[in-house]
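S.K.: Sending over coords-v2.txt (compact mmCIF, C-alpha atoms and all ligand atoms).
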# COMPACT_ATOMS: atom_id res chain seq x y z
CA MET A 1 11.14 -9.72 -22.54
CA ASP A 2 12.67 -12.57 -20.52
CA LEU A 3 10.94 -12.84 -17.14
CA ALA A 4 12.89 -15.93 -16.01
CA TYR A 5 15.19 -15.66 -12.96
CA THR A 6 18.98 -16.03 -13.29
CA ALA A 7 21.15 -18.49 -11.30
CA GLU A 8 22.34 -15.60 -9.12
CA GLU A 9 18.76 -14.62 -8.36
CA GLU A 10 17.87 -18.22 -7.56
CA ASP A 11 20.81 -18.23 -5.15
CA PHE A 12 19.33 -15.14 -3.45
CA ARG A 13 16.03 -17.06 -3.22
CA ALA A 14 17.72 -20.08 -1.59
CA ARG A 15 19.49 -17.94 1.04
CA LEU A 16 16.32 -16.00 1.83
CA SER A 17 14.24 -19.15 2.05
CA SER A 18 16.60 -20.82 4.52
CA TRP A 19 16.75 -17.64 6.65
CA LEU A 20 12.94 -17.57 6.71
CA ALA A 21 12.78 -21.23 7.68
CA ALA A 22 15.09 -20.52 10.64
CA VAL A 23 13.48 -17.29 11.87
CA LEU A 24 9.74 -17.82 11.41
CA PRO A 25 9.33 -20.45 14.15
CA THR A 26 10.92 -18.00 16.64
CA LEU A 27 8.33 -15.23 16.03
CA PRO A 28 5.81 -14.39 18.76
CA PRO A 29 2.13 -14.93 17.87
CA ARG A 30 0.52 -12.23 15.73
CA PRO A 31 -1.54 -9.74 17.80
CA ASP A 32 -5.30 -9.45 17.34
CA PRO A 33 -5.98 -7.73 13.98
CA LEU A 34 -8.03 -5.05 15.79
CA ASP A 35 -5.14 -4.15 18.14
CA TRP A 36 -3.29 -1.50 16.11
CA PRO A 37 -0.66 -0.53 18.73
CA GLY A 38 0.08 -4.27 19.11
CA ARG A 39 0.24 -4.68 15.35
CA ARG A 40 2.53 -1.69 15.01
CA ALA A 41 4.95 -3.24 17.53
CA TYR A 42 4.75 -6.63 15.79
CA ASP A 43 5.19 -5.24 12.25
CA CYS A 44 8.11 -3.02 13.35
CA ASP A 45 9.76 -5.98 15.08
CA TRP A 46 9.51 -7.97 11.84
CA GLN A 47 10.98 -5.05 9.88
CA ARG A 48 13.87 -4.83 12.39
CA ARG A 49 14.58 -8.54 11.93
CA LEU A 50 14.64 -8.07 8.16
CA HIS A 51 16.99 -5.13 8.60
CA ASP A 52 19.37 -7.04 10.86
CA ALA A 53 19.45 -9.93 8.39
CA GLY A 54 20.24 -7.59 5.48
CA TYR A 55 16.85 -7.76 3.74
CA ALA A 56 15.40 -4.39 4.81
CA ASP A 57 16.13 -2.42 1.69
CA VAL A 58 14.77 -5.06 -0.63
CA HIS A 59 11.84 -2.73 -1.40
CA TRP A 60 14.07 0.05 -2.73
CA ASP A 61 17.69 -0.81 -3.44
CA ALA A 62 17.55 -4.45 -4.49
CA SER A 63 17.09 -5.34 -8.16
CA PRO A 64 13.43 -5.53 -9.24
CA THR A 65 13.68 -9.28 -9.64
CA GLN A 66 15.14 -9.69 -6.14
CA ARG A 67 12.17 -7.67 -4.92
CA LEU A 68 9.78 -10.06 -6.64
CA ILE A 69 11.62 -13.10 -5.28
CA PHE A 70 11.42 -11.55 -1.81
CA LEU A 71 7.63 -11.24 -2.17
CA GLU A 72 7.27 -14.77 -3.51
CA GLU A 73 9.38 -16.35 -0.77
CA THR A 74 8.01 -14.37 2.19
CA GLU A 75 4.46 -15.19 1.12
CA ARG A 76 5.27 -18.81 0.40
CA ALA A 77 6.79 -19.17 3.87
CA GLY A 78 3.85 -17.39 5.55
CA ALA A 79 6.06 -14.53 6.82
CA PRO A 80 4.41 -11.36 8.21
CA TYR A 81 3.31 -8.76 5.69
CA VAL A 82 4.49 -5.10 5.86
CA GLY A 83 1.30 -4.15 7.77
CA ALA A 84 1.66 -0.84 9.62
CA ASN A 85 4.84 -0.16 7.63
CA PHE A 86 2.90 -0.13 4.35
CA VAL A 87 3.01 3.63 3.67
CA GLY A 88 6.60 4.17 4.84
CA LEU A 89 8.07 1.21 3.02
CA LEU A 90 5.97 1.08 -0.10
CA HIS A 91 5.18 4.64 -1.11
CA ALA A 92 6.35 7.48 1.20
CA GLY A 93 9.82 5.91 1.43
CA PRO A 94 10.22 5.31 -2.31
CA THR A 95 8.96 8.87 -2.98
CA ILE A 96 11.56 10.38 -0.62
CA ALA A 97 14.22 8.12 -2.15
CA ALA A 98 13.28 9.42 -5.61
CA GLU A 99 12.47 13.08 -4.86
CA GLY A 100 14.06 13.98 -1.51
CA THR A 101 17.32 15.80 -0.87
CA ARG A 102 20.30 13.90 0.55
CA GLU A 103 19.50 15.26 4.04
CA GLN A 104 15.88 14.16 3.73
CA ARG A 105 16.86 10.69 2.58
CA GLU A 106 19.33 10.37 5.46
CA ARG A 107 16.77 11.63 8.01
CA TRP A 108 13.74 9.59 7.01
CA LEU A 109 14.75 6.44 5.18
CA PRO A 110 16.94 4.56 7.72
CA PRO A 111 14.29 4.63 10.53
CA VAL A 112 11.70 3.22 8.10
CA LEU A 113 14.08 0.45 7.07
CA ARG A 114 14.95 -0.34 10.71
CA GLY A 115 11.25 -0.51 11.67
CA GLU A 116 11.56 2.44 14.05
CA GLU A 117 9.21 4.93 12.42
CA VAL A 118 5.79 4.40 10.86
CA TRP A 119 4.22 6.66 8.22
CA CYS A 120 0.67 7.46 7.22
CA GLN A 121 -0.74 9.14 4.14
CA GLY A 122 -2.68 12.43 4.46
CA PHE A 123 -3.92 12.97 0.93
CA SER A 124 -7.74 12.55 0.93
CA GLU A 125 -10.06 15.16 2.40
CA PRO A 126 -13.83 15.13 2.89
CA GLU A 127 -14.26 17.00 -0.43
CA ALA A 128 -11.14 15.76 -2.18
CA GLY A 129 -10.89 12.03 -2.84
CA SER A 130 -10.89 11.08 -6.52
CA ASP A 131 -10.62 14.77 -7.30
CA LEU A 132 -7.54 15.10 -5.14
CA ALA A 133 -6.44 18.40 -6.72
CA SER A 134 -9.41 20.13 -5.09
CA LEU A 135 -7.82 19.69 -1.63
CA ARG A 136 -8.24 22.64 0.71
CA THR A 137 -5.95 22.04 3.68
CA ARG A 138 -3.85 25.18 3.57
CA ALA A 139 -0.27 25.88 4.56
CA VAL A 140 0.79 29.47 5.14
CA ARG A 141 4.48 30.26 5.33
CA ASP A 142 5.61 31.80 8.63
CA GLY A 143 9.41 32.14 8.82
CA ASP A 144 10.99 28.71 8.55
CA ALA A 145 7.69 26.84 9.03
CA TYR A 146 4.37 26.26 7.29
CA VAL A 147 1.29 26.76 9.46
CA VAL A 148 -1.14 24.05 8.37
CA THR A 149 -4.91 24.13 8.94
CA GLY A 150 -7.56 21.80 7.54
CA SER A 151 -8.64 18.18 7.75
CA LYS A 152 -7.83 14.82 6.19
CA THR A 153 -9.87 11.67 6.11
CA TRP A 154 -9.41 7.90 5.61
CA THR A 155 -5.83 8.30 6.88
CA SER A 156 -4.63 4.69 7.24
CA HIS A 157 -2.47 3.95 10.32
CA ALA A 158 -2.83 7.57 11.59
CA GLU A 159 -3.40 6.27 15.11
CA VAL A 160 0.05 4.66 15.26
CA ALA A 161 2.07 6.78 12.81
CA ASP A 162 5.10 8.97 13.57
CA TRP A 163 5.05 10.81 10.24
CA CYS A 164 2.49 11.77 7.64
CA GLU A 165 3.06 12.35 3.94
CA LEU A 166 0.81 15.39 3.75
CA LEU A 167 -0.59 17.31 0.80
CA VAL A 168 -1.31 20.98 1.41
CA ARG A 169 -2.32 24.00 -0.63
CA THR A 170 0.51 26.51 -0.55
CA ASP A 171 -0.84 28.86 -3.25
CA PRO A 172 -4.62 29.32 -3.25
CA GLU A 173 -4.41 31.70 -6.27
CA ALA A 174 -2.59 29.25 -8.58
CA PRO A 175 -4.41 26.79 -10.91
CA ARG A 176 -5.45 23.96 -8.59
CA HIS A 177 -2.80 21.40 -9.66
CA ARG A 178 -0.02 23.99 -9.34
CA GLY A 179 -0.55 25.35 -5.81
CA ILE A 180 0.05 22.10 -3.89
CA SER A 181 3.10 21.02 -1.82
CA TRP A 182 4.15 17.63 -0.34
CA LEU A 183 5.23 17.82 3.32
CA ALA A 184 6.50 15.33 5.89
CA MET A 185 4.52 16.18 9.03
CA PRO A 186 5.50 14.82 12.48
CA MET A 187 2.35 13.28 13.96
CA ASP A 188 3.21 14.47 17.49
CA ALA A 189 3.18 18.18 16.49
CA PRO A 190 0.80 20.36 18.56
CA GLY A 191 -2.55 21.01 16.82
CA ILE A 192 -3.10 17.49 15.42
CA THR A 193 -6.21 15.55 16.48
CA VAL A 194 -6.66 11.96 15.27
CA ARG A 195 -10.18 10.53 15.47
CA PRO A 196 -10.24 6.82 14.53
CA LEU A 197 -12.93 5.56 12.14
CA ARG A 198 -14.26 2.00 12.43
CA THR A 199 -14.39 -0.24 9.36
CA LEU A 200 -17.05 -2.84 8.51
CA ALA A 201 -14.77 -5.49 10.04
CA GLY A 202 -14.44 -3.47 13.27
CA SER A 203 -10.88 -2.25 12.76
CA THR A 204 -9.68 1.31 13.39
CA GLU A 205 -7.10 1.05 10.63
CA PHE A 206 -7.88 4.55 9.40
CA ALA A 207 -8.91 7.87 10.92
CA GLU A 208 -9.95 11.45 10.46
CA VAL A 209 -7.10 13.88 11.11
CA PHE A 210 -7.79 17.49 12.09
CA LEU A 211 -5.04 20.07 11.72
CA ASP A 212 -5.25 23.30 13.67
CA GLU A 213 -2.34 25.65 12.97
CA VAL A 214 0.20 22.83 12.96
CA ARG A 215 3.76 24.08 12.40
CA VAL A 216 5.72 21.99 9.89
CA PRO A 217 9.31 23.07 9.11
CA VAL A 218 9.83 24.29 5.53
CA ALA A 219 12.80 21.87 5.47
CA ASN A 220 10.23 19.03 5.58
CA ARG A 221 8.91 19.88 2.10
CA VAL A 222 9.80 17.25 -0.49
CA GLY A 223 10.14 18.84 -3.93
CA ALA A 224 9.73 22.53 -4.67
CA GLU A 225 6.98 24.70 -3.19
CA ASN A 226 3.83 24.33 -5.32
CA ASP A 227 5.35 21.36 -7.19
CA GLY A 228 3.62 18.85 -4.90
CA TRP A 229 1.28 17.53 -7.59
CA ARG A 230 4.19 16.13 -9.56
CA VAL A 231 5.64 14.55 -6.38
CA THR A 232 2.19 13.12 -5.65
CA MET A 233 2.10 11.41 -9.03
CA VAL A 234 5.37 9.68 -8.07
CA THR A 235 3.78 8.53 -4.78
CA LEU A 236 0.63 7.27 -6.52
CA SER A 237 2.61 5.40 -9.15
CA PHE A 238 4.37 3.45 -6.38
CA GLU A 239 1.11 2.98 -4.49
CA ARG A 240 -0.76 1.61 -7.52
CA GLY A 241 2.17 0.08 -9.37
CA THR A 242 4.07 -2.02 -6.87
CA ALA A 243 2.66 -1.60 -3.37
CA PHE A 244 0.02 -4.31 -3.78
CA ALA A 245 2.28 -6.77 -5.59
CA GLY A 246 3.01 -8.95 -2.57
CA GLU A 247 -0.68 -9.39 -1.93
CA VAL A 248 -1.11 -11.25 -5.21
CA VAL A 249 1.09 -14.05 -3.88
CA ALA A 250 -0.89 -13.96 -0.62
CA CYS A 251 -4.12 -14.31 -2.61
CA ARG A 252 -2.72 -17.35 -4.41
CA ARG A 253 -1.96 -18.92 -1.06
CA THR A 254 -5.46 -18.14 0.23
CA LEU A 255 -6.95 -19.63 -2.94
CA GLY A 256 -5.07 -22.86 -2.18
CA GLU A 257 -6.51 -22.86 1.36
CA ILE A 258 -10.02 -22.28 0.02
CA ALA A 259 -9.64 -25.18 -2.44
CA ARG A 260 -8.46 -27.47 0.38
CA ALA A 261 -11.41 -26.42 2.56
CA ALA A 262 -13.77 -27.08 -0.38
CA ARG A 263 -12.38 -30.61 -0.69
CA ARG A 264 -12.94 -31.17 3.02
CA ASN A 265 -16.53 -29.90 3.21
CA GLY A 266 -17.81 -31.24 -0.13
CA ALA A 267 -18.09 -27.84 -1.92
CA TRP A 268 -15.50 -29.13 -4.38
CA SER A 269 -18.14 -31.28 -6.08
CA ASP A 270 -19.93 -28.09 -7.21
CA ASP A 271 -18.86 -27.54 -10.87
CA VAL A 272 -19.60 -23.80 -10.78
CA LEU A 273 -17.47 -23.28 -7.68
CA ARG A 274 -14.60 -25.32 -9.11
CA ARG A 275 -14.73 -23.28 -12.32
CA ARG A 276 -14.62 -20.03 -10.25
CA MET A 277 -11.51 -21.27 -8.44
CA GLY A 278 -9.87 -22.27 -11.75
CA ALA A 279 -10.60 -18.85 -13.26
CA LEU A 280 -9.21 -17.12 -10.15
CA SER A 281 -6.06 -19.20 -10.26
CA ALA A 282 -5.50 -18.09 -13.88
CA GLU A 283 -6.26 -14.46 -12.97
CA PHE A 284 -3.71 -14.37 -10.12
CA ARG A 285 -1.05 -16.00 -12.30
CA ALA A 286 -1.70 -13.35 -14.96
CA LEU A 287 -1.56 -10.59 -12.33
CA TRP A 288 1.80 -11.84 -11.09
CA ARG A 289 3.13 -11.80 -14.66
CA LEU A 290 1.77 -8.25 -15.03
CA THR A 291 3.61 -7.26 -11.84
CA GLN A 292 6.84 -8.72 -13.21
CA TRP A 293 6.30 -6.81 -16.43
CA ASN A 294 5.48 -3.49 -14.66
CA VAL A 295 8.53 -3.78 -12.41
CA SER A 296 10.86 -4.60 -15.32
CA GLU A 297 9.44 -1.75 -17.40
CA ALA A 298 9.98 0.70 -14.53
CA GLN A 299 13.54 -0.54 -14.13
CA ALA A 300 14.24 -0.29 -17.85
CA GLY A 301 12.80 3.25 -17.92
CA GLY A 302 14.79 4.24 -14.81
CA GLY A 303 11.76 5.85 -13.14
CA PRO A 304 8.75 4.97 -11.01
CA PRO A 305 6.14 2.49 -12.30
CA GLY A 306 3.97 3.91 -15.10
CA ALA A 307 0.24 3.86 -15.85
CA GLY A 308 0.41 0.05 -16.21
CA GLY A 309 0.01 0.10 -12.43
CA SER A 310 -3.59 1.20 -12.95
CA VAL A 311 -4.28 -1.90 -15.07
CA PHE A 312 -2.90 -4.00 -12.22
CA LYS A 313 -4.81 -2.13 -9.48
CA LEU A 314 -8.09 -2.38 -11.40
CA ARG A 315 -7.88 -6.11 -12.07
CA TYR A 316 -6.33 -7.01 -8.72
CA SER A 317 -8.92 -5.27 -6.56
CA HIS A 318 -11.79 -7.02 -8.37
CA ALA A 319 -10.04 -10.40 -8.30
CA ARG A 320 -9.52 -10.01 -4.55
CA GLN A 321 -13.24 -9.42 -4.01
CA GLU A 322 -14.06 -12.45 -6.17
CA LEU A 323 -11.60 -14.53 -4.14
CA TYR A 324 -13.33 -13.78 -0.85
CA ASP A 325 -16.82 -14.14 -2.39
CA THR A 326 -15.67 -17.62 -3.44
CA ALA A 327 -14.45 -18.27 0.11
CA ALA A 328 -17.91 -17.27 1.37
CA ALA A 329 -19.55 -19.66 -1.11
CA VAL A 330 -17.29 -22.47 0.16
CA LEU A 331 -18.06 -21.65 3.81
CA GLY A 332 -21.83 -21.48 3.19
CA PRO A 333 -23.91 -20.00 6.05
CA ASP A 334 -20.78 -19.87 8.26
CA ALA A 335 -19.65 -16.98 6.06
CA LEU A 336 -21.82 -14.69 8.19
CA ASP A 337 -19.71 -15.44 11.27
CA LEU A 338 -17.02 -12.75 11.73
CA GLY A 339 -14.94 -15.17 13.78
CA ARG A 340 -14.53 -17.60 10.86
CA GLU A 341 -11.35 -17.61 8.80
CA TRP A 342 -11.32 -15.32 5.73
CA ASN A 343 -14.36 -13.33 6.90
CA PRO A 344 -12.55 -10.18 8.14
CA ASP A 345 -10.54 -10.33 4.89
CA ARG A 346 -13.75 -10.74 2.88
CA LEU A 347 -15.22 -7.61 4.46
CA SER A 348 -12.03 -5.60 4.00
CA SER A 349 -11.72 -6.74 0.36
CA LEU A 350 -14.67 -4.45 -0.42
CA SER A 351 -12.45 -1.44 0.23
CA TYR A 352 -9.83 -2.39 -2.37
CA THR A 353 -11.86 -1.02 -5.29
CA ILE A 354 -11.94 2.37 -3.48
CA ALA A 355 -8.58 2.78 -1.70
CA ALA A 356 -5.61 4.12 -3.73
CA GLY A 357 -8.03 5.40 -6.40
CA THR A 358 -11.42 3.90 -7.24
CA SER A 359 -11.95 1.48 -10.12
CA GLN A 360 -13.72 4.22 -12.11
CA ILE A 361 -10.67 6.46 -11.74
CA GLN A 362 -8.32 3.60 -12.75
CA ARG A 363 -10.49 3.02 -15.84
CA ASN A 364 -10.18 6.71 -16.74
CA ILE A 365 -6.38 6.45 -16.41
CA VAL A 366 -6.20 3.25 -18.46
CA ALA A 367 -8.41 4.83 -21.15
CA GLU A 368 -6.47 8.08 -21.35
CA ARG A 369 -2.86 7.12 -20.56
CA VAL A 370 -2.59 3.49 -21.64
CA LEU A 371 -5.05 3.33 -24.56
CA GLY A 372 -4.63 6.99 -25.58
CA LEU A 373 -8.39 7.64 -25.78
CA PRO A 374 -9.56 11.26 -25.65
CA LYS A 375 -10.37 12.78 -22.26
CA GLY A 376 -14.08 12.51 -21.49
CA ARG A 377 -14.15 15.68 -19.44
C1 LIG B 401 -9.42 1.18 3.13
C2 LIG B 401 -9.09 2.56 2.66
C3 LIG B 401 -7.90 3.14 3.03
C4 LIG B 401 -7.60 4.43 2.62
N1 LIG B 401 -6.42 4.98 3.07
C5 LIG B 401 -6.15 6.25 2.73
C6 LIG B 401 -4.98 6.86 3.27
O1 LIG B 401 -4.20 6.26 4.01
N2 LIG B 401 -4.73 8.14 2.95
C7 LIG B 401 -5.54 8.86 2.13
O2 LIG B 401 -5.22 10.00 1.85
N3 LIG B 401 -6.68 8.32 1.61
C8 LIG B 401 -6.99 7.03 1.90
N4 LIG B 401 -8.14 6.45 1.42
C9 LIG B 401 -9.07 7.28 0.63
C10 LIG B 401 -9.17 6.88 -0.83
O3 LIG B 401 -8.02 7.25 -1.53
C11 LIG B 401 -10.45 7.56 -1.37
O4 LIG B 401 -11.54 6.96 -0.73
C12 LIG B 401 -10.58 7.42 -2.86
O5 LIG B 401 -9.61 8.20 -3.51
C13 LIG B 401 -11.98 7.84 -3.37
O6 LIG B 401 -12.31 9.11 -2.91
P1 LIG B 401 -13.71 9.40 -2.17
O7 LIG B 401 -13.89 8.34 -1.13
O8 LIG B 401 -13.71 10.83 -1.76
O9 LIG B 401 -14.85 9.15 -3.27
P2 LIG B 401 -15.30 10.18 -4.41
O10 LIG B 401 -14.11 10.75 -5.08
O11 LIG B 401 -16.30 11.12 -3.81
O12 LIG B 401 -16.02 9.22 -5.42
C14 LIG B 401 -17.37 8.75 -5.25
C15 LIG B 401 -17.70 7.90 -6.48
O13 LIG B 401 -17.67 8.70 -7.68
C16 LIG B 401 -16.78 8.14 -8.63
N5 LIG B 401 -16.08 9.18 -9.38
C17 LIG B 401 -15.56 10.32 -8.86
N6 LIG B 401 -14.95 11.04 -9.85
C18 LIG B 401 -15.10 10.32 -11.00
C19 LIG B 401 -14.68 10.51 -12.35
N7 LIG B 401 -13.98 11.59 -12.72
N8 LIG B 401 -15.00 9.56 -13.27
C20 LIG B 401 -15.71 8.45 -12.91
N9 LIG B 401 -16.13 8.22 -11.64
C21 LIG B 401 -15.83 9.13 -10.71
C22 LIG B 401 -15.78 7.33 -7.81
O14 LIG B 401 -15.15 6.32 -8.57
C23 LIG B 401 -16.68 6.77 -6.72
O15 LIG B 401 -17.34 5.61 -7.15
C24 LIG B 401 -8.49 5.16 1.79
C25 LIG B 401 -9.70 4.57 1.40
C26 LIG B 401 -10.01 3.30 1.83
C27 LIG B 401 -11.31 2.71 1.39
Could I get this structure in the form of structure tokens?
Ligand SMILES: Cc1cc2nc3c(=O)[nH]c(=O)nc-3n(C[C@H](O)[C@H](O)[C@H](O)COP(=O)(O)OP(=O)(O)OC[C@H]3O[C@@H](n4cnc5c(N)ncnc54)[C@H](O)[C@@H]3O)c2cc1C

M.R.:
Amino acid sequence: MDLAYTAEEEDFRARLSSWLAAVLPTLPPRPDPLDWPGRRAYDCDWQRRLHDAGYADVHWDASPTQRLIFLEETERAGAPYVGANFVGLLHAGPTIAAEGTREQRERWLPPVLRGEEVWCQGFSEPEAGSDLASLRTRAVRDGDAYVVTGSKTWTSHAEVADWCELLVRTDPEAPRHRGISWLAMPMDAPGITVRPLRTLAGSTEFAEVFLDEVRVPVANRVGAENDGWRVTMVTLSFERGTAFAGEVVACRRTLGEIARAARRNGAWSDDVLRRRMGALSAEFRALWRLTQWNVSEAQAGGGPPGAGGSVFKLRYSHARQELYDTAAAVLGPDALDLGREWNPDRLSSLSYTIAAGTSQIQRNIVAERVLGLPKGR
């Protein structure tokens, strides 16, 4: 497989890079990372600028290589990341694009691309994380609406979201994978209570969501009733396969900053630390190649990314933790100071081996679906 970029793609890169050079100096300062309403406004403003410049649909409609170039160039230039638009742009949106009706695509996709509406993901429940199919939030049909009751947890961006990609049980009698449906729930519907949870780094980026007889129109169901598990697999393949891709480039940039700091404070003379940085550099280069390969394979197959995304997620989340452990080693005792650069990222890196499916679950998927080993349970 040829992973090199064509002249046309390099032309796209040049145009994007000069647009970024012109627009980035005009951006307002980034809000405090703990200020989620401020971050929502900032992230949506960035998305609107991308939209107005013709780059908004790069996540969905552009060629896979253009998408990769977009990630490389925006990271290289230090442009804002998707932030609060993560779920809408990187997995709810692509799921609706792949599985929604024409009306659903027309209703929900343009506001995401214009940075007007933010999505969150209501999959996990207190008793249904890795074993997602055991979810209990129920939806009972009442005329042209589902009446939804239950609770969700770890719902990222719930505090600032307009919509939630919600998994509900629509048939309690069916085998557990068969009685689930995928709904788009408006977050301002009566009966929804959002209680923010605080992370180790102090952020309220996720929340508990309580649902008390919330009415969600039947027209908001994506896919057939009780076929939500299949739709969910499409969402998870985007979430694990491509959603984290841009962060690999960001990690390479951070690694460069860590190496420069090590040169300044003398840590560079430590052979063990230098070797760790060298190994990480190789790991992130390999992960970027794996991303290119996963994206090209998905394009060639005409569907969402496959189980290769689990290989990526597994390796990436561990490499990210190692990156910030290395940053802490370079900082020395200052690493305990939350105000120091990289420290909030170091604390949040711990969550990457849990979010979007734990490492143990990714290993099960790699064993069963990539290596073809027998199921252990
Ligand atoms: C930062 C962050 C953001 C998140 N955002 C969202 C969000 O927006 N929306 C959402 O719906 N969820 C979200 N989650 C939840 C996340 O998807 C779950 O935490 C994850 O799926 C694990 O589920 P759990 O926490 O219930 O752990 P459990 O499933 O209870 O697992 C506990 C431990 O047992 C292990 N384990 C469980 N089953 C197996 C098995 N079969 N084989 C081997 N080991 C196993 C797990 O790997 C883990 O180590 C987020 C989580 C984090 C950390």

S.K.: Just checking: using all atoms listed in the file, which residue out of A:Val58, A:Leu347, A:Ala245, A:Val87 ends up closest to A:Trp288?

M.R.: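 Closest candidate: A:Ala245.
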
S.K.: Atom CA of A:Thr95 and atom N7 of ligand LIG 401 (chain B) are how many Å apart?

M.R.: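 Computed distance, atom CA of A:Thr95 to atom N7 of ligand LIG 401 (chain B), equals 25.1 Å.
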
S.K.: Please write out the residues within 8 Å of ligand LIG 401 (chain B) as a PyMOL selection string, counting only C-alpha atoms and all ligand atoms.

M.R.: chain A and resi 87+120-132+152-158+205-206+348+351-361+364+377

S.K.: Just to confirm, what's the straight-line distance from atom CA of A:Glu10 to atom CA of A:Leu109 in Å (one decimal)?

M.R.: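 If I compute the distance from atom CA of A:Glu10 to atom CA of A:Leu109, I get 27.9 Å.
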
S.K.: Using only C-alpha atoms, pick whichever of A:Thr193, A:His177, A:Arg15, A:Ser237 has the shortest atom-to-atom distance to A:Gly54.

M.R.: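 Counting only C-alpha atoms, the residue closest to A:Gly54 is A:Arg15.
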
S.K.: With all atoms listed in the file as the basis for distance, which of A:Gln321, A:Ser181, A:Thr149, A:Thr291 is at the shortest distance from A:Trp229?

M.R.: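 Checking each of A:Gln321, A:Ser181, A:Thr149, A:Thr291 against A:Trp229, counting all atoms listed in the file, the winner is A:Ser181.
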
S.K.: Quick one: pull the distance between atom CA of A:Gly266 and atom CA of A:Asp334, Å, one decimal.

M.R.: 14.4 Å

S.K.: Considering only C-alpha atoms, return as a ChimeraX atom specification whatever protein or nucleic-acid residues lie within 12 Å of A:Trp108, sequence-local ones (same chain, fewer than 6 positions apart) excluded.

M.R.: /A:88-89,92-97,100-102,114-119,162-165,184-186,220,222

S.K.: Please list as a list in words every residue within 9 Å of stretch 25-30 of chain A, counting all atoms listed in the file and excluding residues in the same chain fewer than 5 positions away.

M.R.: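 Near stretch 25-30 of chain A, the qualifying residues are Leu20, Gly38, Arg39, Tyr42, Trp46 and Pro80 of chain A.
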
S.K.: Counting all atoms listed in the file, which residue out of A:Val330, A:Val295, A:Val231, A:Glu208 sits closest to A:Pro64?

M.R.: A:Val295

S.K.: From the options A:Ala261, A:Leu323, A:Ala201, A:Ala219, which residue's atoms come nearest to A:Leu336, counting all atoms listed in the file?

M.R.: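 Nearest candidate to A:Leu336 out of A:Ala261, A:Leu323, A:Ala201, A:Ala219: A:Ala201.
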
S.K.: Find the residues with any atom within 12 Å of (-5.4, -11.6, -14.2); use all atoms listed in the file and the coordinates as given in the file, and write the answer as a PDB file with C-alpha atoms, in the frame of the given file.

M.R.:
ATOM      1  CA  VAL A 248      -1.110 -11.250  -5.210  1.00  0.00           C
ATOM      2  CA  CYS A 251      -4.120 -14.310  -2.610  1.00  0.00           C
ATOM      3  CA  ARG A 252      -2.720 -17.350  -4.410  1.00  0.00           C
ATOM      4  CA  GLY A 278      -9.870 -22.270 -11.750  1.00  0.00           C
ATOM      5  CA  ALA A 279     -10.600 -18.850 -13.260  1.00  0.00           C
ATOM      6  CA  LEU A 280      -9.210 -17.120 -10.150  1.00  0.00           C
ATOM      7  CA  SER A 281      -6.060 -19.200 -10.260  1.00  0.00           C
ATOM      8  CA  ALA A 282      -5.500 -18.090 -13.880  1.00  0.00           C
ATOM      9  CA  GLU A 283      -6.260 -14.460 -12.970  1.00  0.00           C
ATOM     10  CA  PHE A 284      -3.710 -14.370 -10.120  1.00  0.00           C
ATOM     11  CA  ARG A 285      -1.050 -16.000 -12.300  1.00  0.00           C
ATOM     12  CA  ALA A 286      -1.700 -13.350 -14.960  1.00  0.00           C
ATOM     13  CA  LEU A 287      -1.560 -10.590 -12.330  1.00  0.00           C
ATOM     14  CA  TRP A 288       1.800 -11.840 -11.090  1.00  0.00           C
ATOM     15  CA  ARG A 289       3.130 -11.800 -14.660  1.00  0.00           C
ATOM     16  CA  LEU A 290       1.770  -8.250 -15.030  1.00  0.00           C
ATOM     17  CA  THR A 291       3.610  -7.260 -11.840  1.00  0.00           C
ATOM     18  CA  VAL A 311      -4.280  -1.900 -15.070  1.00  0.00           C
ATOM     19  CA  PHE A 312      -2.900  -4.000 -12.220  1.00  0.00           C
ATOM     20  CA  LYS A 313      -4.810  -2.130  -9.480  1.00  0.00           C
ATOM     21  CA  LEU A 314      -8.090  -2.380 -11.400  1.00  0.00           C
ATOM     22  CA  ARG A 315      -7.880  -6.110 -12.070  1.00  0.00           C
ATOM     23  CA  TYR A 316      -6.330  -7.010  -8.720  1.00  0.00           C
ATOM     24  CA  SER A 317      -8.920  -5.270  -6.560  1.00  0.00           C
ATOM     25  CA  HIS A 318     -11.790  -7.020  -8.370  1.00  0.00           C
ATOM     26  CA  ALA A 319     -10.040 -10.400  -8.300  1.00  0.00           C
ATOM     27  CA  ARG A 320      -9.520 -10.010  -4.550  1.00  0.00           C
ATOM     28  CA  GLU A 322     -14.060 -12.450  -6.170  1.00  0.00           C
TER      29      GLU A 322
END
